[in-house]
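Enquirer: Structure: start.cif, mmCIF, N, CA and C atoms.
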data_start
#
loop_
_atom_site.group_PDB
_atom_site.id
_atom_site.type_symbol
_atom_site.label_atom_id
_atom_site.label_comp_id
_atom_site.auth_asym_id
_atom_site.auth_seq_id
_atom_site.Cartn_x
_atom_site.Cartn_y
_atom_site.Cartn_z
ATOM 1 N N MET C 1 21.643 -13.256 -17.834
ATOM 2 C CA MET C 1 21.749 -14.433 -17.004
ATOM 3 C C MET C 1 22.211 -14.047 -15.595
ATOM 4 N N ARG C 2 23.102 -13.064 -15.510
ATOM 5 C CA ARG C 2 23.608 -12.631 -14.214
ATOM 6 C C ARG C 2 22.484 -12.027 -13.371
ATOM 7 N N ASN C 3 21.604 -11.263 -13.996
ATOM 8 C CA ASN C 3 20.483 -10.666 -13.275
ATOM 9 C C ASN C 3 19.553 -11.729 -12.707
ATOM 10 N N MET C 4 19.382 -12.827 -13.426
ATOM 11 C CA MET C 4 18.535 -13.909 -12.939
ATOM 12 C C MET C 4 19.127 -14.510 -11.669
ATOM 13 N N GLY C 5 20.446 -14.646 -11.624
ATOM 14 C CA GLY C 5 21.108 -15.170 -10.431
ATOM 15 C C GLY C 5 20.902 -14.260 -9.235
ATOM 16 N N LEU C 6 20.919 -12.953 -9.471
ATOM 17 C CA LEU C 6 20.671 -12.005 -8.394
ATOM 18 C C LEU C 6 19.234 -12.093 -7.908
ATOM 19 N N GLY C 7 18.292 -12.300 -8.824
ATOM 20 C CA GLY C 7 16.890 -12.441 -8.461
ATOM 21 C C GLY C 7 16.650 -13.677 -7.613
ATOM 22 N N VAL C 8 17.285 -14.773 -8.000
ATOM 23 C CA VAL C 8 17.154 -16.010 -7.230
ATOM 24 C C VAL C 8 17.754 -15.827 -5.840
ATOM 25 N N ALA C 9 18.895 -15.158 -5.771
ATOM 26 C CA ALA C 9 19.535 -14.915 -4.475
ATOM 27 C C ALA C 9 18.636 -14.056 -3.585
ATOM 28 N N ALA C 10 17.979 -13.067 -4.170
ATOM 29 C CA ALA C 10 17.086 -12.204 -3.391
ATOM 30 C C ALA C 10 15.907 -12.997 -2.841
ATOM 31 N N VAL C 11 15.352 -13.881 -3.668
ATOM 32 C CA VAL C 11 14.217 -14.704 -3.212
ATOM 33 C C VAL C 11 14.663 -15.624 -2.080
ATOM 34 N N VAL C 12 15.838 -16.225 -2.215
ATOM 35 C CA VAL C 12 16.348 -17.121 -1.170
ATOM 36 C C VAL C 12 16.537 -16.347 0.130
ATOM 37 N N LEU C 13 17.072 -15.136 0.045
ATOM 38 C CA LEU C 13 17.252 -14.317 1.246
ATOM 39 C C LEU C 13 15.913 -13.973 1.886
ATOM 40 N N MET C 14 14.918 -13.638 1.081
ATOM 41 C CA MET C 14 13.604 -13.304 1.624
ATOM 42 C C MET C 14 12.974 -14.518 2.298
ATOM 43 N N VAL C 15 13.061 -15.665 1.677
ATOM 44 C CA VAL C 15 12.446 -16.872 2.224
ATOM 45 C C VAL C 15 13.120 -17.275 3.529
ATOM 46 N N THR C 16 14.436 -17.146 3.602
ATOM 47 C CA THR C 16 15.133 -17.513 4.833
ATOM 48 C C THR C 16 14.942 -16.474 5.915
ATOM 49 N N ALA C 17 14.642 -15.236 5.556
ATOM 50 C CA ALA C 17 14.453 -14.185 6.545
ATOM 51 C C ALA C 17 13.107 -14.293 7.239
ATOM 52 N N ILE C 18 12.094 -14.806 6.564
ATOM 53 C CA ILE C 18 10.754 -14.860 7.146
ATOM 54 C C ILE C 18 10.719 -15.704 8.424
ATOM 55 N N PRO C 19 11.277 -16.931 8.446
ATOM 56 C CA PRO C 19 11.240 -17.683 9.707
ATOM 57 C C PRO C 19 12.009 -16.988 10.826
ATOM 58 N N ALA C 20 13.104 -16.316 10.496
ATOM 59 C CA ALA C 20 13.868 -15.610 11.524
ATOM 60 C C ALA C 20 13.046 -14.469 12.096
ATOM 61 N N GLN C 21 12.322 -13.744 11.250
ATOM 62 C CA GLN C 21 11.494 -12.649 11.711
ATOM 63 C C GLN C 21 10.276 -13.158 12.460
ATOM 64 N N ALA C 22 9.795 -14.319 12.094
ATOM 65 C CA ALA C 22 8.582 -14.859 12.704
ATOM 66 C C ALA C 22 8.779 -15.126 14.197
ATOM 67 N N ARG C 23 10.011 -15.245 14.627
ATOM 68 C CA ARG C 23 10.260 -15.482 16.049
ATOM 69 C C ARG C 23 9.806 -14.309 16.911
ATOM 70 N N ASN C 24 9.691 -13.118 16.325
ATOM 71 C CA ASN C 24 9.253 -11.942 17.059
ATOM 72 C C ASN C 24 7.739 -11.861 17.176
ATOM 73 N N ILE C 25 7.054 -12.803 16.614
ATOM 74 C CA ILE C 25 5.596 -12.821 16.628
ATOM 75 C C ILE C 25 5.142 -13.860 17.646
ATOM 76 N N SER C 26 4.074 -13.546 18.358
ATOM 77 C CA SER C 26 3.577 -14.472 19.376
ATOM 78 C C SER C 26 3.082 -15.774 18.736
ATOM 79 N N LYS C 27 3.062 -16.822 19.540
ATOM 80 C CA LYS C 27 2.559 -18.111 19.048
ATOM 81 C C LYS C 27 1.104 -17.992 18.613
ATOM 82 N N ASN C 28 0.334 -17.192 19.326
ATOM 83 C CA ASN C 28 -1.068 -17.008 18.968
ATOM 84 C C ASN C 28 -1.194 -16.352 17.591
ATOM 85 N N ASP C 29 -0.391 -15.310 17.351
ATOM 86 C CA ASP C 29 -0.446 -14.646 16.046
ATOM 87 C C ASP C 29 0.000 -15.586 14.931
ATOM 88 N N LEU C 30 0.989 -16.425 15.187
ATOM 89 C CA LEU C 30 1.411 -17.412 14.187
ATOM 90 C C LEU C 30 0.283 -18.389 13.880
ATOM 91 N N GLN C 31 -0.416 -18.826 14.916
ATOM 92 C CA GLN C 31 -1.534 -19.752 14.719
ATOM 93 C C GLN C 31 -2.648 -19.095 13.910
ATOM 94 N N VAL C 32 -2.924 -17.824 14.180
ATOM 95 C CA VAL C 32 -3.952 -17.103 13.426
ATOM 96 C C VAL C 32 -3.545 -16.997 11.960
ATOM 97 N N CYS C 33 -2.259 -16.716 11.708
ATOM 98 C CA CYS C 33 -1.782 -16.630 10.322
ATOM 99 C C CYS C 33 -1.900 -17.983 9.617
ATOM 100 N N LYS C 34 -1.541 -19.053 10.301
ATOM 101 C CA LYS C 34 -1.653 -20.391 9.709
ATOM 102 C C LYS C 34 -3.118 -20.733 9.435
ATOM 103 N N TRP C 35 -3.991 -20.408 10.387
ATOM 104 C CA TRP C 35 -5.414 -20.692 10.216
ATOM 105 C C TRP C 35 -5.975 -19.905 9.032
ATOM 106 N N GLY C 36 -5.666 -18.616 8.967
ATOM 107 C CA GLY C 36 -6.150 -17.773 7.873
ATOM 108 C C GLY C 36 -5.630 -18.251 6.527
ATOM 109 N N ALA C 37 -4.368 -18.678 6.505
ATOM 110 C CA ALA C 37 -3.793 -19.188 5.259
ATOM 111 C C ALA C 37 -4.523 -20.446 4.808
ATOM 112 N N ALA C 38 -4.868 -21.301 5.757
ATOM 113 C CA ALA C 38 -5.620 -22.519 5.421
ATOM 114 C C ALA C 38 -7.013 -22.168 4.899
ATOM 115 N N MET C 39 -7.648 -21.163 5.486
ATOM 116 C CA MET C 39 -8.960 -20.720 5.011
ATOM 117 C C MET C 39 -8.860 -20.188 3.581
ATOM 118 N N ALA C 40 -7.820 -19.408 3.308
ATOM 119 C CA ALA C 40 -7.629 -18.852 1.962
ATOM 120 C C ALA C 40 -7.397 -19.972 0.946
ATOM 121 N N ALA C 41 -6.600 -20.966 1.324
ATOM 122 C CA ALA C 41 -6.340 -22.092 0.422
ATOM 123 C C ALA C 41 -7.629 -22.872 0.148
ATOM 124 N N ASN C 42 -8.426 -23.086 1.183
ATOM 125 C CA ASN C 42 -9.699 -23.795 1.009
ATOM 126 C C ASN C 42 -10.648 -23.010 0.102
ATOM 127 N N ALA C 43 -10.676 -21.698 0.286
ATOM 128 C CA ALA C 43 -11.534 -20.857 -0.552
ATOM 129 C C ALA C 43 -11.070 -20.905 -2.009
ATOM 130 N N GLN C 44 -9.762 -20.863 -2.207
ATOM 131 C CA GLN C 44 -9.238 -20.923 -3.582
ATOM 132 C C GLN C 44 -9.565 -22.268 -4.222
ATOM 133 N N GLN C 45 -9.450 -23.329 -3.445
ATOM 134 C CA GLN C 45 -9.785 -24.656 -3.970
ATOM 135 C C GLN C 45 -11.254 -24.717 -4.378
ATOM 136 N N SER C 46 -12.117 -24.154 -3.535
ATOM 137 C CA SER C 46 -13.543 -24.131 -3.859
ATOM 138 C C SER C 46 -13.802 -23.318 -5.119
ATOM 139 N N LYS C 47 -13.153 -22.158 -5.206
ATOM 140 C CA LYS C 47 -13.336 -21.291 -6.374
ATOM 141 C C LYS C 47 -12.886 -21.998 -7.646
ATOM 142 N N LEU C 48 -11.710 -22.624 -7.602
ATOM 143 C CA LEU C 48 -11.179 -23.294 -8.792
ATOM 144 C C LEU C 48 -12.001 -24.518 -9.191
ATOM 145 N N SER C 49 -12.656 -25.139 -8.211
ATOM 146 C CA SER C 49 -13.451 -26.323 -8.520
ATOM 147 C C SER C 49 -14.848 -25.971 -9.028
ATOM 148 N N GLY C 50 -15.173 -24.677 -9.035
ATOM 149 C CA GLY C 50 -16.465 -24.260 -9.572
ATOM 150 C C GLY C 50 -17.556 -24.075 -8.532
ATOM 151 N N THR C 51 -17.232 -24.211 -7.266
ATOM 152 C CA THR C 51 -18.211 -23.979 -6.207
ATOM 153 C C THR C 51 -18.574 -22.499 -6.187
ATOM 154 N N THR C 52 -19.844 -22.199 -6.072
ATOM 155 C CA THR C 52 -20.256 -20.797 -6.044
ATOM 156 C C THR C 52 -19.882 -20.165 -4.700
ATOM 157 N N LEU C 53 -19.765 -18.848 -4.705
ATOM 158 C CA LEU C 53 -19.492 -18.120 -3.466
ATOM 159 C C LEU C 53 -20.616 -18.358 -2.466
ATOM 160 N N TYR C 54 -21.836 -18.362 -2.944
ATOM 161 C CA TYR C 54 -22.980 -18.606 -2.064
ATOM 162 C C TYR C 54 -22.845 -19.957 -1.351
ATOM 163 N N SER C 55 -22.506 -20.985 -2.104
ATOM 164 C CA SER C 55 -22.355 -22.324 -1.525
ATOM 165 C C SER C 55 -21.195 -22.372 -0.529
ATOM 166 N N ALA C 56 -20.093 -21.735 -0.878
ATOM 167 C CA ALA C 56 -18.939 -21.713 0.020
ATOM 168 C C ALA C 56 -19.283 -20.998 1.332
ATOM 169 N N ARG C 57 -20.030 -19.901 1.218
ATOM 170 C CA ARG C 57 -20.439 -19.168 2.418
ATOM 171 C C ARG C 57 -21.402 -19.996 3.271
ATOM 172 N N GLN C 58 -22.297 -20.725 2.623
ATOM 173 C CA GLN C 58 -23.246 -21.576 3.359
ATOM 174 C C GLN C 58 -22.496 -22.654 4.153
ATOM 175 N N LYS C 59 -21.465 -23.232 3.551
ATOM 176 C CA LYS C 59 -20.671 -24.248 4.254
ATOM 177 C C LYS C 59 -19.989 -23.650 5.478
ATOM 178 N N LEU C 60 -19.503 -22.428 5.340
ATOM 179 C CA LEU C 60 -18.856 -21.771 6.482
ATOM 180 C C LEU C 60 -19.868 -21.437 7.572
ATOM 181 N N GLN C 61 -21.079 -21.049 7.179
ATOM 182 C CA GLN C 61 -22.116 -20.740 8.168
ATOM 183 C C GLN C 61 -22.490 -21.985 8.983
ATOM 184 N N ALA C 62 -22.453 -23.137 8.339
ATOM 185 C CA ALA C 62 -22.828 -24.388 9.016
ATOM 186 C C ALA C 62 -21.680 -24.965 9.849
ATOM 187 N N ARG C 63 -20.477 -24.530 9.579
ATOM 188 C CA ARG C 63 -19.290 -25.074 10.256
ATOM 189 C C ARG C 63 -19.183 -24.549 11.687
ATOM 190 N N LYS C 64 -18.665 -25.393 12.566
ATOM 191 C CA LYS C 64 -18.441 -24.985 13.955
ATOM 192 C C LYS C 64 -17.010 -24.481 14.082
ATOM 193 N N PHE C 65 -16.865 -23.329 14.718
ATOM 194 C CA PHE C 65 -15.561 -22.723 14.947
ATOM 195 C C PHE C 65 -15.310 -22.640 16.444
ATOM 196 N N SER C 66 -14.042 -22.713 16.827
ATOM 197 C CA SER C 66 -13.702 -22.706 18.249
ATOM 198 C C SER C 66 -13.727 -21.310 18.863
ATOM 199 N N GLN C 67 -13.626 -20.286 18.042
ATOM 200 C CA GLN C 67 -13.648 -18.905 18.531
ATOM 201 C C GLN C 67 -14.750 -18.129 17.808
ATOM 202 N N PRO C 68 -15.387 -17.190 18.497
ATOM 203 C CA PRO C 68 -16.485 -16.456 17.872
ATOM 204 C C PRO C 68 -16.069 -15.619 16.659
ATOM 205 N N TRP C 69 -14.870 -15.110 16.629
ATOM 206 C CA TRP C 69 -14.404 -14.256 15.529
ATOM 207 C C TRP C 69 -14.078 -15.038 14.263
ATOM 208 N N MET C 70 -13.904 -16.340 14.375
ATOM 209 C CA MET C 70 -13.436 -17.145 13.244
ATOM 210 C C MET C 70 -14.420 -17.201 12.081
ATOM 211 N N ARG C 71 -15.694 -17.304 12.341
ATOM 212 C CA ARG C 71 -16.682 -17.411 11.264
ATOM 213 C C ARG C 71 -16.660 -16.159 10.393
ATOM 214 N N LYS C 72 -16.711 -15.000 11.030
ATOM 215 C CA LYS C 72 -16.729 -13.748 10.274
ATOM 216 C C LYS C 72 -15.437 -13.578 9.471
ATOM 217 N N MET C 73 -14.319 -13.916 10.076
ATOM 218 C CA MET C 73 -13.045 -13.797 9.372
ATOM 219 C C MET C 73 -12.972 -14.796 8.218
ATOM 220 N N ALA C 74 -13.442 -16.017 8.419
ATOM 221 C CA ALA C 74 -13.433 -17.034 7.362
ATOM 222 C C ALA C 74 -14.295 -16.588 6.178
ATOM 223 N N ILE C 75 -15.426 -15.989 6.464
ATOM 224 C CA ILE C 75 -16.289 -15.495 5.388
ATOM 225 C C ILE C 75 -15.608 -14.341 4.661
ATOM 226 N N GLY C 76 -14.964 -13.457 5.395
ATOM 227 C CA GLY C 76 -14.239 -12.351 4.776
ATOM 228 C C GLY C 76 -13.114 -12.822 3.879
ATOM 229 N N ILE C 77 -12.351 -13.793 4.356
ATOM 230 C CA ILE C 77 -11.258 -14.360 3.556
ATOM 231 C C ILE C 77 -11.825 -15.010 2.297
ATOM 232 N N THR C 78 -12.916 -15.733 2.448
ATOM 233 C CA THR C 78 -13.543 -16.406 1.308
ATOM 234 C C THR C 78 -14.053 -15.383 0.292
ATOM 235 N N ASP C 79 -14.710 -14.341 0.776
ATOM 236 C CA ASP C 79 -15.202 -13.293 -0.131
ATOM 237 C C ASP C 79 -14.049 -12.666 -0.918
ATOM 238 N N GLN C 80 -12.966 -12.321 -0.229
ATOM 239 C CA GLN C 80 -11.823 -11.701 -0.899
ATOM 240 C C GLN C 80 -11.187 -12.657 -1.907
ATOM 241 N N THR C 81 -11.116 -13.924 -1.555
ATOM 242 C CA THR C 81 -10.530 -14.912 -2.458
ATOM 243 C C THR C 81 -11.368 -15.040 -3.730
ATOM 244 N N TYR C 82 -12.678 -15.084 -3.575
ATOM 245 C CA TYR C 82 -13.557 -15.203 -4.741
ATOM 246 C C TYR C 82 -13.525 -13.945 -5.610
ATOM 247 N N LYS C 83 -13.353 -12.772 -5.003
ATOM 248 C CA LYS C 83 -13.304 -11.519 -5.764
ATOM 249 C C LYS C 83 -12.000 -11.377 -6.542
ATOM 250 N N SER C 84 -10.970 -12.067 -6.108
ATOM 251 C CA SER C 84 -9.676 -11.986 -6.771
ATOM 252 C C SER C 84 -9.719 -12.732 -8.105
ATOM 253 N N PRO C 85 -9.093 -12.177 -9.137
ATOM 254 C CA PRO C 85 -9.052 -12.878 -10.428
ATOM 255 C C PRO C 85 -7.996 -13.993 -10.449
ATOM 256 N N SER C 86 -7.287 -14.175 -9.366
ATOM 257 C CA SER C 86 -6.187 -15.137 -9.307
ATOM 258 C C SER C 86 -6.632 -16.559 -9.624
ATOM 259 N N ARG C 87 -5.818 -17.251 -10.394
ATOM 260 C CA ARG C 87 -6.041 -18.658 -10.702
ATOM 261 C C ARG C 87 -4.896 -19.504 -10.145
ATOM 262 N N LEU C 88 -4.153 -18.949 -9.171
ATOM 263 C CA LEU C 88 -3.041 -19.678 -8.570
ATOM 264 C C LEU C 88 -3.546 -20.926 -7.858
ATOM 265 N N LYS C 89 -2.649 -21.872 -7.687
ATOM 266 C CA LYS C 89 -2.993 -23.082 -6.947
ATOM 267 C C LYS C 89 -3.200 -22.741 -5.475
ATOM 268 N N PRO C 90 -4.040 -23.512 -4.785
ATOM 269 C CA PRO C 90 -4.297 -23.238 -3.370
ATOM 270 C C PRO C 90 -3.034 -23.173 -2.508
ATOM 271 N N ALA C 91 -2.039 -23.997 -2.798
ATOM 272 C CA ALA C 91 -0.801 -23.965 -2.015
ATOM 273 C C ALA C 91 -0.090 -22.616 -2.147
ATOM 274 N N ALA C 92 -0.126 -22.037 -3.335
ATOM 275 C CA ALA C 92 0.500 -20.727 -3.546
ATOM 276 C C ALA C 92 -0.285 -19.646 -2.819
ATOM 277 N N ILE C 93 -1.596 -19.747 -2.818
ATOM 278 C CA ILE C 93 -2.443 -18.791 -2.103
ATOM 279 C C ILE C 93 -2.175 -18.899 -0.608
ATOM 280 N N LYS C 94 -2.065 -20.114 -0.115
ATOM 281 C CA LYS C 94 -1.793 -20.335 1.302
ATOM 282 C C LYS C 94 -0.479 -19.681 1.708
ATOM 283 N N GLN C 95 0.561 -19.883 0.924
ATOM 284 C CA GLN C 95 1.864 -19.306 1.239
ATOM 285 C C GLN C 95 1.836 -17.782 1.143
ATOM 286 N N THR C 96 1.173 -17.255 0.131
ATOM 287 C CA THR C 96 1.080 -15.807 -0.036
ATOM 288 C C THR C 96 0.335 -15.171 1.135
ATOM 289 N N TYR C 97 -0.768 -15.777 1.532
ATOM 290 C CA TYR C 97 -1.538 -15.251 2.664
ATOM 291 C C TYR C 97 -0.692 -15.290 3.931
ATOM 292 N N TYR C 98 -0.040 -16.417 4.176
ATOM 293 C CA TYR C 98 0.780 -16.567 5.381
ATOM 294 C C TYR C 98 1.898 -15.529 5.414
ATOM 295 N N ASP C 99 2.609 -15.372 4.311
ATOM 296 C CA ASP C 99 3.697 -14.401 4.243
ATOM 297 C C ASP C 99 3.188 -12.983 4.491
ATOM 298 N N GLY C 100 2.073 -12.644 3.891
ATOM 299 C CA GLY C 100 1.498 -11.319 4.083
ATOM 300 C C GLY C 100 1.050 -11.090 5.520
ATOM 301 N N CYS C 101 0.483 -12.103 6.124
ATOM 302 C CA CYS C 101 0.036 -12.017 7.509
ATOM 303 C C CYS C 101 1.226 -11.801 8.443
ATOM 304 N N ILE C 102 2.294 -12.548 8.226
ATOM 305 C CA ILE C 102 3.509 -12.400 9.042
ATOM 306 C C ILE C 102 4.070 -10.987 8.883
ATOM 307 N N GLN C 103 4.166 -10.515 7.650
ATOM 308 C CA GLN C 103 4.688 -9.165 7.410
ATOM 309 C C GLN C 103 3.801 -8.113 8.077
ATOM 310 N N HIS C 104 2.498 -8.308 8.036
ATOM 311 C CA HIS C 104 1.568 -7.379 8.689
ATOM 312 C C HIS C 104 1.811 -7.356 10.193
ATOM 313 N N ASP C 105 1.935 -8.531 10.804
ATOM 314 C CA ASP C 105 2.164 -8.606 12.245
ATOM 315 C C ASP C 105 3.495 -7.990 12.634
ATOM 316 N N LEU C 106 4.528 -8.218 11.825
ATOM 317 C CA LEU C 106 5.825 -7.615 12.116
ATOM 318 C C LEU C 106 5.746 -6.096 12.051
ATOM 319 N N ALA C 107 5.067 -5.572 11.050
ATOM 320 C CA ALA C 107 4.922 -4.122 10.922
ATOM 321 C C ALA C 107 4.096 -3.547 12.072
ATOM 322 N N ARG C 108 3.083 -4.284 12.485
ATOM 323 C CA ARG C 108 2.222 -3.828 13.576
ATOM 324 C C ARG C 108 2.969 -3.806 14.906
ATOM 325 N N ASN C 109 3.895 -4.746 15.103
ATOM 326 C CA ASN C 109 4.610 -4.882 16.361
ATOM 327 C C ASN C 109 5.859 -4.012 16.463
ATOM 328 N N LYS C 110 6.161 -3.253 15.427
ATOM 329 C CA LYS C 110 7.353 -2.394 15.481
ATOM 330 C C LYS C 110 7.131 -1.207 16.366
#
Represent the structure of the file as structure tokens.

Expert:
Amino acid sequence: MRNMGLGVAAVVLMVTAIPAQARNISKNDLQVCKWGAAMAANAQQSKLSGTTLYSARQKLQARKFSQPWMRKMAIGITDQTYKSPSRLKPAAIKQTYYDGCIQHDLARNK
């Protein structure tokens, strides 16, 4: 039981540390992480609902994006999401992607 308390404390420390560390990341990089996380969540929702990868990619091809790089990145995120065996809920995928993106940016900016 004591070990479980330590595990919970570690998770709380990690969760509270992420927003503090995120201040070292530019607003643009934060927006990219939020956008990518939303794309991953949408892809997971499509996957869980039974939409084929082909159909999901077709929807992305037809969608208008504000930046030229967004379409290719959205397709890449969707492909990776579909290849993953994960059955997590889209909200969990969104948070996992966002956390990983923030950690990547922090490591890159060191």

Enquirer: Under the rule that all atoms listed in the file are counted, which of C:Thr52, C:Ala38, C:Asn28, C:Ala43 is the nearest residue to Tyr97 in chain C?

Expert: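 Closest to Tyr97 in chain C, using all atoms listed in the file: C:Ala38.
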
Enquirer: Please identify all polymer residues within 8 Å of Lys89 in chain C, counting only N, CA and C atoms, omitting same-chain residues fewer than 6 positions from it, and present them as a list in words.

Expert: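 Counting only the stated atoms, we get Ala41, Gln44, Gln45 and Gln95 of chain C.
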
Enquirer: Translate the PyMOL selection byres ((chain C and resi 53-62) around 6.5), as applied to the file shown, into an explicit residue set as a list in words.

Expert: Thr51, Thr52, Arg63, Lys64, Arg71 and Ile75 of chain C

Enquirer: Please produce a file of those selected residues containing N, CA and C atoms, as a PDB file, in the frame of the given file.

Expert:
ATOM      1  N   THR C  51     -17.232 -24.211  -7.266  1.00  0.00           N
ATOM      2  CA  THR C  51     -18.211 -23.979  -6.207  1.00  0.00           C
ATOM      3  C   THR C  51     -18.574 -22.499  -6.187  1.00  0.00           C
ATOM      4  N   THR C  52     -19.844 -22.199  -6.072  1.00  0.00           N
ATOM      5  CA  THR C  52     -20.256 -20.797  -6.044  1.00  0.00           C
ATOM      6  C   THR C  52     -19.882 -20.165  -4.700  1.00  0.00           C
ATOM      7  N   ARG C  63     -20.477 -24.530   9.579  1.00  0.00           N
ATOM      8  CA  ARG C  63     -19.290 -25.074  10.256  1.00  0.00           C
ATOM      9  C   ARG C  63     -19.183 -24.549  11.687  1.00  0.00           C
ATOM     10  N   LYS C  64     -18.665 -25.393  12.566  1.00  0.00           N
ATOM     11  CA  LYS C  64     -18.441 -24.985  13.955  1.00  0.00           C
ATOM     12  C   LYS C  64     -17.010 -24.481  14.082  1.00  0.00           C
ATOM     13  N   ARG C  71     -15.694 -17.304  12.341  1.00  0.00           N
ATOM     14  CA  ARG C  71     -16.682 -17.411  11.264  1.00  0.00           C
ATOM     15  C   ARG C  71     -16.660 -16.159  10.393  1.00  0.00           C
ATOM     16  N   ILE C  75     -15.426 -15.989   6.464  1.00  0.00           N
ATOM     17  CA  ILE C  75     -16.289 -15.495   5.388  1.00  0.00           C
ATOM     18  C   ILE C  75     -15.608 -14.341   4.661  1.00  0.00           C
TER      19      ILE C  75
END

Enquirer: With only C-alpha atoms as the basis for distance, which of C:Ala92, C:Met73, C:Thr81, C:Ala107 is at the shortest distance from Gly36 in chain C?

Expert: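 Of the candidates, the smallest distance to Gly36 in chain C is held by C:Met73.
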
Enquirer: Starting from 4 Å padding per side, set up an axis-aligned box that covers all listed atoms of range 78-97 of chain C and hand over centre and edge lengths in Å, one decimal, as JSON.

Expert:
{"center_x": -6.7, "center_y": -17.7, "center_z": -3.4, "size_x": 25.1, "size_y": 20.6, "size_z": 22.6}

Enquirer: Just list as number ranges by chain whatever in range 6-106 of chain C DSSP marks as helix (DSSP H, G or I).

Expert: C: 6-22, 27-48, 53-62, 68-83, 90-106

Enquirer: How far is it from atom C of Tyr98 in chain C to atom C of Cys33 in chain C, in Å with one decimal?

Expert: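 So the two atoms, atom C of Tyr98 in chain C and atom C of Cys33 in chain C, lie 6.2 Å apart.
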
Enquirer: I need the output of the PyMOL selection byres (((chain C and resi 87 and name CA) around 9) and name CA) for this file as a CSV table (one decimal) with N, CA and C atoms, keeping the file's coordinate frame; which residues are they?

Expert:
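Wrote result11.csv, looks like this:
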chain,number,residue,atom,x,y,z
C,44,GLN,N,-9.8,-20.9,-2.2
C,44,GLN,CA,-9.2,-20.9,-3.6
C,44,GLN,C,-9.6,-22.3,-4.2
C,47,LYS,N,-13.2,-22.2,-5.2
C,47,LYS,CA,-13.3,-21.3,-6.4
C,47,LYS,C,-12.9,-22.0,-7.6
C,48,LEU,N,-11.7,-22.6,-7.6
C,48,LEU,CA,-11.2,-23.3,-8.8
C,48,LEU,C,-12.0,-24.5,-9.2
C,84,SER,N,-11.0,-12.1,-6.1
C,84,SER,CA,-9.7,-12.0,-6.8
C,84,SER,C,-9.7,-12.7,-8.1
C,85,PRO,N,-9.1,-12.2,-9.1
C,85,PRO,CA,-9.1,-12.9,-10.4
C,85,PRO,C,-8.0,-14.0,-10.4
C,86,SER,N,-7.3,-14.2,-9.4
C,86,SER,CA,-6.2,-15.1,-9.3
C,86,SER,C,-6.6,-16.6,-9.6
C,88,LEU,N,-4.2,-18.9,-9.2
C,88,LEU,CA,-3.0,-19.7,-8.6
C,88,LEU,C,-3.5,-20.9,-7.9
C,89,LYS,N,-2.6,-21.9,-7.7
C,89,LYS,CA,-3.0,-23.1,-6.9
C,89,LYS,C,-3.2,-22.7,-5.5
C,90,PRO,N,-4.0,-23.5,-4.8
C,90,PRO,CA,-4.3,-23.2,-3.4
C,90,PRO,C,-3.0,-23.2,-2.5

Enquirer: Please provide the set of residues having any atom within 9 Å of Asp29 in chain C, restricted to only C-alpha atoms, with same-chain residues fewer than 6 positions apart removed, written as a list in words.

Expert: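 Selected residues are Cys101, Ile102 and Asp105 of chain C.
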
Enquirer: Separation of CA of Asp99 in chain C and atom C of Ile77 in chain C, in Å?

Expert: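 Atom C of Ile77 in chain C lies 15.7 Å from CA of Asp99 in chain C.
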
Enquirer: Find the distance between CA of Gln80 in chain C and CA of Lys110 in chain C and write it in Å to one decimal.

Expert: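 About the pair CA of Gln80 in chain C and CA of Lys110 in chain C: they are 26.9 Å apart.
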